[in-house]
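**Q** Got a structure for you, written out below as structure tokens; questions coming shortly.
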Amino acid sequence: MLALTSEDCTITISNVEGDTINQKKLSEEVNEIRWGTLKQNDSSKDTTVTAKCGQWIWMFDYADESNLTPLDLSFQEYYRSICSYRWFGDGYLMVGFYTGNVVIISSHVDEIGREVNMVKFHNDTLKAVTYNEHIKKGASIGDNTIQVFDMHDIGLFGEQGHEKIELEDEYGSLSRLEWTPDGQILTVSSNNGTVYNFLTSIPVIHDNYDTKVLYLTSLSQVCIKDLQDEKVVARFSIDVEPSFMALGPQHAAVGLNNRIWYYRLKYKNGTADLMGEKEYLGTIKDVQLNRQYAAVLSGGRVVLSLLQKNKDREDKSEKFFPDDAESEEVSSMALTSDFLIYSTTRGTIYFFGIEDWQMVNIYRYEMGIVSVFPNSMGTRVIFVDETHAAYLYNPVNDAITSIKPFSGSAEKVMWDVSDPNCFITSDKNKFNTYVYSPNTARGPEVIAVKQVDSNQLLSTTDRPDGFTPIFMMNGRVICQMTSGSIAQVTLISHEALSKDNRQSSVQSRSKNIYNRFSQLVRLNRFNEAWNAALELNNESCLRELASTALHNLDIESAVRVYRYLGEANYVMNLEPLLHVDEINIIIGTIAVMNKSFSEAESRFLQSSQKIRALEMRRDLMDWKRALELAEQLDTRQIPIVSREFAQQRELHGEYEEAHALYMKAMDESYLNGKPFPARHIALCKEGTARVTIRLGNLNEGLRMALDSKSPKLCRECAQVFEELRQYQYAAQLYVKAGMYEKGATLYIKVKKFNAVEAILNKLENPQLFIAYAKAKESERKYIEAERAYERANDVLNVVRINLDRLKKPSKAIEIVKREQSVEGALLIANYCKDTKNFRLAIEFLAFANQFDEAFNLALKEDEMETYAIVVTDKKQVKEYARIAGYYEQKGDYGQAGDYFGKCKQYKKALNLYIKCGEAKIDEAIELVGIAKEDELTHHLVDYLMGDLDNVPKNAKFIFRLYMALENYSAAIRTALIIATQEQQNGNYKPAHDILFDTIRVLQSKSIHVPADLANSLMLVHSYTVIRDLGLLEEPELTARLIMRVAKNISKFPNHAVPILRTTIIMCYKAGLGKQALEYANMILQPEYRSKIDNKLKQFIRGIYRKNPDGAGEDEKLSPCPYCNYQLARTELECPSCKNELPYCIVTGEHMTRDDWCMCPSCKFPAKYTKFSKLLKRNENKCPMCRETVKPSTVAKLNDVSLILDSFEHRVQKKPQLNN
């Protein structure tokens, strides 16, 4: 179609014949008319005419008959007039305004006229814009500058890279610009006739050798870059703009049409020298280099020629393939270090060995081959046929492996230079990753790598626009961009391998490691996957790794993982394969592990160890197939397999077939005259005996079993007889097999008791003894029956037979008590009732938990005391109430109170105790102490105080009550009151006892002992122990102790005169004249003078005459046990450390560390020497607790630090009594 504009503002649309299709009149002058592609839904139409009209764009779709009205696209007033516009992309317009703005708008139906993006590229003015679809770039001119900008993504328009070129004013103002169709050259003109040509893209021409890339950096210069370390290793100029290039280990080639220029590379200097040029007959399709040769595909033939002359290879300097130019046409070729590999349109792949200079392999395919892509060694070749199907060819065994899925639009296949089993295919839009597994459990495989999170979707990587792939290195595709520079695209199948996890969060790092692991497994890189799996420490990942490694026959990796998982079975099966080279054995073994037994058998039969197939079938107990394989592979195994097969047939009830197989198993012809192992013969004979019985020949089978003398066979045959209900035969064989109980059971079943009696001593099963006993009892042989019941541990029947048959009740009672049999107790109870022995009857009824019956019997026969004893022994608390009620009704309130107390009816029990008077006060106190109820306490206190009966009770009962209630402070006060009253009444022993008992209880409860309580006991004890000191013949010590009492004479009012008289006499005898005079003066005081007799008065006068000055000895000193300060030995408080000192219960002196012991009974301290001496003279009685003490139990203590600490904390310090 042709669109024209005229001066009268008319646009005419005509066809190729010149016919006018449509004509439209515009209101303004029309400039820059263009055809555009209008986007409608999912389709595009190129029937739209657009024109620039001042500040708007006129748009008309002449083919849209439903809408014949043109569309006016207007813009913001801010932009002003349009200077130029261009259609681009998928229905978009780039509009340039004189103000310097470039606006992108959409022509899509649902967003037509919408402004997508805007950039102001020029400050003052803009003259023109242009766009090139090939390189997807736009350009604008204005302000004497050229702006070139990337338009791959209009959403990022202006943000993507753009270049600015500034020109000098002397060449005039820029007016127009256009691209060449391929986008390589941008031409700009000025108003003074100057034309500029800018190279904006370099031809995408490249080649690689290993990790080095040869590519153009300008139209006259090439560069070699090593992508391993990202360094340029060579750069040199060329004399021609090439259309193809090639790179080898030491050479490079550039060419155009049918000519090639060869260069020798100098990596040390980073340059290259031209070696020469060569012209070929036809247009060159491909050229490849190795260390010595160049291979050139031209005119359907390949020319292999030396790059440099070599005398050693003069006969190998050049060769054409094929030799006959008309035989077949070469479609593709590749050159490796050792081989020239080329394919033909007839479907043949040739391998020409360069060293041997001859064909080393030819593979003929069924249809034409379009292209070949060998790996770097030439040991594997991927080829694409004329139907665009791809295969991987192995020249070692001529095996081909289909590559599926494979894109028919794929342009190139690239092997990873870092991974020999990984390759990708590339088409215009994407890269697909594949992994080749030369050895798997299913043979060679090519697997399209799947995405990490899916086992269905392919791991496809988008190919960016303008990126041309060169080669693949460690999961990265090295590409050349339209600008000529080199870029890398990381494949999705490898992206997790290059992620740095050091700065990631824990969760993100874990996910990245999992993705890395998954990709490594999919790429069959098992060693690296193992390290990732260890980091994950995830069992499912480890199992996935082991399974995949096993499928790929990487036995070492699989063993390592299974050993880590603790799968001993897998490890034991796989480890032997580490030393096996034969692949069929390996695959067969793995097939067995995967339970693919048919596959395993097939593999084993293809291997050099076919016998493994037989062994596998034997292990599977597939005896039918095993017998077939034994007949094919090793007839010596037929007897063994027949025996095993016979056992299986016997198990399934095929007895005739089993009998025949047992006979076959004993056929010696299979062993060529060699004897069978004894074990084999025994098993066959045993099987024959069993099936003989099964087939109905019972006597013959019995004879064979008995003749064998085999307990095992006898047992098995007995089981068969038992199944056939031939119990007597079965019993006979069970006994022969040593299974006496089983035999006895069957003998009893057929009533062969004599046979049972013969083996009775070998039985242990109680049921057998019971059955035998019942039989004997029916024969009235009660003693034998009793013995059998006893061996069966049938207590009830033993008791019954002793009571009813043997009349031995004492033995029955003994058995019931020993065995604690409730049923037996009931038998005895009934027997005792019948014989009027009601006490025993009550006892055994209670024994059998029949308390109601026992109570009624006790009530009836007046044996409640017996019942009470039994109930108490059985600890039946609920029965106490019934017993208490009985005694209450009977008027025995004391017994009733006891039993009400036992069943916790404390109030009732207390009232009954009170009815008994003082005879049950102690029980009442104990009851209240247990109950700890205020109401009961107050009630008992009222009774003790006389409030209930106007008869006050002894104060000691109040003391006991407080002690029972654990009210120790009140108990202490009461004890002191009672003790004081007893002292004042001259009852020193009761006073001593109550004080001592109180202190013992406090000490047992770890309660501090008040000082006044401790001092009261010390004072009373000092008085009571004087008699014991007389036994020790210690006059001075006796005098000192009586002086301690005399100093507190007010505490002993009833015996004040006798105490003072004794003090005077003992002091005089001890030579303490001064002290004797002191107490003589005291006794002569008016309150005591009238109570002394004339004899004492005479004695006192004698003291005055003999010792008028009161001379006497000072008291001996001994060390303080705390601080070693020397003080009087009867002093009980140290003036140095201020501690109260423990005193000796024998002498009243304070204790010393070097002579310490404790009374084993009351735990009060004593001097070891004095205590030991006293025990010998006072019938081994402790002077404090009056308990008998064995001298052998008294030990001298060496370290008393803990005792002193406890004494210091146990006694509360208060002002002391006078010592």
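Residues in the structure tokens are named by chain (A, B, ... in the order shown) and by number from 1 within that chain; ligands are numbered from 1 in the order shown.
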Residues near Gly408 in chain A, anyone? I mean within 10 Å using only C-alpha atoms, not counting same-chain ones fewer than 3 positions away, as a list in words.

**A**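 Near neighbours after the sequence-gap exclusion: Val384, Glu386, Thr387, His388, Ala389, Ala390, Pro405, Glu411 and Asp427 of chain A.
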
**Q** Limited to N, CA, C and O atoms, could you put the picked residues into a file as a PDB file, in the first residue's frame?

**A**
ATOM      1  N   VAL A 384      22.129 -33.042  15.428  1.00  0.00           N
ATOM      2  CA  VAL A 384      20.744 -32.689  15.150  1.00  0.00           C
ATOM      3  C   VAL A 384      20.433 -33.145  13.741  1.00  0.00           C
ATOM      4  O   VAL A 384      21.178 -32.827  12.794  1.00  0.00           O
ATOM      5  N   GLU A 386      17.709 -33.809  10.328  1.00  0.00           N
ATOM      6  CA  GLU A 386      16.941 -32.892   9.488  1.00  0.00           C
ATOM      7  C   GLU A 386      15.509 -32.701   9.983  1.00  0.00           C
ATOM      8  O   GLU A 386      14.816 -31.796   9.519  1.00  0.00           O
ATOM      9  N   THR A 387      15.056 -33.559  10.941  1.00  0.00           N
ATOM     10  CA  THR A 387      13.735 -33.338  11.559  1.00  0.00           C
ATOM     11  C   THR A 387      13.848 -32.500  12.823  1.00  0.00           C
ATOM     12  O   THR A 387      12.889 -32.374  13.568  1.00  0.00           O
ATOM     13  N   HIS A 388      15.035 -31.993  13.075  1.00  0.00           N
ATOM     14  CA  HIS A 388      15.326 -31.177  14.262  1.00  0.00           C
ATOM     15  C   HIS A 388      15.239 -31.977  15.559  1.00  0.00           C
ATOM     16  O   HIS A 388      14.997 -31.419  16.628  1.00  0.00           O
ATOM     17  N   ALA A 389      15.423 -33.298  15.474  1.00  0.00           N
ATOM     18  CA  ALA A 389      15.577 -34.134  16.666  1.00  0.00           C
ATOM     19  C   ALA A 389      17.051 -34.217  17.008  1.00  0.00           C
ATOM     20  O   ALA A 389      17.914 -34.228  16.108  1.00  0.00           O
ATOM     21  N   ALA A 390      17.367 -34.282  18.302  1.00  0.00           N
ATOM     22  CA  ALA A 390      18.771 -34.266  18.735  1.00  0.00           C
ATOM     23  C   ALA A 390      19.099 -35.554  19.479  1.00  0.00           C
ATOM     24  O   ALA A 390      18.259 -36.117  20.188  1.00  0.00           O
ATOM     25  N   PRO A 405      13.261 -33.033  26.374  1.00  0.00           N
ATOM     26  CA  PRO A 405      12.735 -32.325  25.195  1.00  0.00           C
ATOM     27  C   PRO A 405      13.837 -31.509  24.524  1.00  0.00           C
ATOM     28  O   PRO A 405      14.784 -31.063  25.193  1.00  0.00           O
ATOM     29  N   GLU A 411      19.630 -23.111  18.000  1.00  0.00           N
ATOM     30  CA  GLU A 411      20.657 -22.695  17.052  1.00  0.00           C
ATOM     31  C   GLU A 411      22.025 -23.277  17.376  1.00  0.00           C
ATOM     32  O   GLU A 411      22.864 -23.449  16.488  1.00  0.00           O
ATOM     33  N   ASP A 427      18.303 -21.164  21.747  1.00  0.00           N
ATOM     34  CA  ASP A 427      17.558 -20.624  20.615  1.00  0.00           C
ATOM     35  C   ASP A 427      17.468 -19.119  20.803  1.00  0.00           C
ATOM     36  O   ASP A 427      18.187 -18.546  21.635  1.00  0.00           O
TER      37      ASP A 427
END

**Q** Applying 10 Å and only C-alpha atoms, which residues near range 782-786 of chain A remain after dropping the ones on its own chain fewer than 5 positions away? List them as number ranges by chain.

**A** A: 769-777, 791-792, 794-795, 797-802, 805-806

**Q** Those residues with C-alpha atoms, as a PDB file, in the first residue's frame please?

**A**
ATOM      1  CA  PHE A 769      -0.780 -81.618  86.949  1.00  0.00           C
ATOM      2  CA  ILE A 770      -4.353 -80.451  87.623  1.00  0.00           C
ATOM      3  CA  ALA A 771      -5.736 -82.760  84.950  1.00  0.00           C
ATOM      4  CA  TYR A 772      -3.655 -85.625  86.348  1.00  0.00           C
ATOM      5  CA  ALA A 773      -4.706 -84.810  89.931  1.00  0.00           C
ATOM      6  CA  LYS A 774      -8.373 -84.818  89.026  1.00  0.00           C
ATOM      7  CA  ALA A 775      -7.921 -88.219  87.432  1.00  0.00           C
ATOM      8  CA  LYS A 776      -6.223 -89.524  90.614  1.00  0.00           C
ATOM      9  CA  GLU A 777      -8.890 -87.975  92.822  1.00  0.00           C
ATOM     10  CA  ARG A 791       3.033 -79.235  91.859  1.00  0.00           C
ATOM     11  CA  ALA A 792       0.381 -77.327  89.931  1.00  0.00           C
ATOM     12  CA  ASP A 794      -3.364 -75.086  92.928  1.00  0.00           C
ATOM     13  CA  VAL A 795      -3.690 -73.813  96.486  1.00  0.00           C
ATOM     14  CA  ASN A 797      -7.598 -77.683  95.699  1.00  0.00           C
ATOM     15  CA  VAL A 798      -4.732 -78.506  98.070  1.00  0.00           C
ATOM     16  CA  VAL A 799      -6.648 -76.810 100.929  1.00  0.00           C
ATOM     17  CA  ARG A 800      -9.886 -78.503  99.913  1.00  0.00           C
ATOM     18  CA  ILE A 801      -8.395 -81.994  99.751  1.00  0.00           C
ATOM     19  CA  ASN A 802      -6.626 -81.520 103.119  1.00  0.00           C
ATOM     20  CA  ARG A 805     -10.381 -85.797 102.262  1.00  0.00           C
ATOM     21  CA  LEU A 806      -7.190 -85.978 104.295  1.00  0.00           C
TER      22      LEU A 806
END

**Q** If you run DSSP on this backbone, which residues of range 369-545 of chain A come out as strand (DSSP E), and could you give them as an MDAnalysis selection string?

**A** chainID A and resid 369:374 381:385 390:394 399:403 412:415 422:426 430:437 445:448 460:462 467:473 476:481 486:490

**Q** Select from range 570-734 of chain A everything DSSP, run on the backbone, classes as helix (DSSP H, G or I), then give the selection as a ChimeraX atom specification.

**A** /A:570-579,583-593,597-606,611-619,623-633,635-651,655-665,668-671,678-694,698-708,711-723,727-734

**Q** For Asn1178 in chain A, which residue out of A:Leu1029, A:Val735, A:Tyr391, A:Arg1129 is the nearest one, using only C-alpha atoms?

**A**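 Among the listed residues, the smallest separation from Asn1178 in chain A belongs to A:Leu1029.
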
**Q** Work out how far apart CA of Trp530 in chain A and CA of Ile555 in chain A are and give it in Å to one decimal.

**A** 13.4 Å

**Q** Could you build a table of the residues in range 57-134 of chain A lying no more than 12 Å from range 187-198 of chain A, giving for each the nearest pair of atoms and their separation in Å rounded to one decimal place, using only C-alpha atoms, ordered by chain and ascending residue number, as JSON lines?

**A**
{"residue": "A:Lys127", "atom": "CA", "partner": "A:Ser190", "partner_atom": "CA", "distance": 10.7}
{"residue": "A:Ala128", "atom": "CA", "partner": "A:Val188", "partner_atom": "CA", "distance": 10.1}
{"residue": "A:Val129", "atom": "CA", "partner": "A:Val188", "partner_atom": "CA", "distance": 10.9}
{"residue": "A:Thr130", "atom": "CA", "partner": "A:Thr187", "partner_atom": "CA", "distance": 10.6}

**Q** Hey, can you check how far CA of Asp834 in chain A sits from CA of Val816 in chain A?

**A**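 For CA of Asp834 in chain A relative to CA of Val816 in chain A, the distance reads 18.2 Å.
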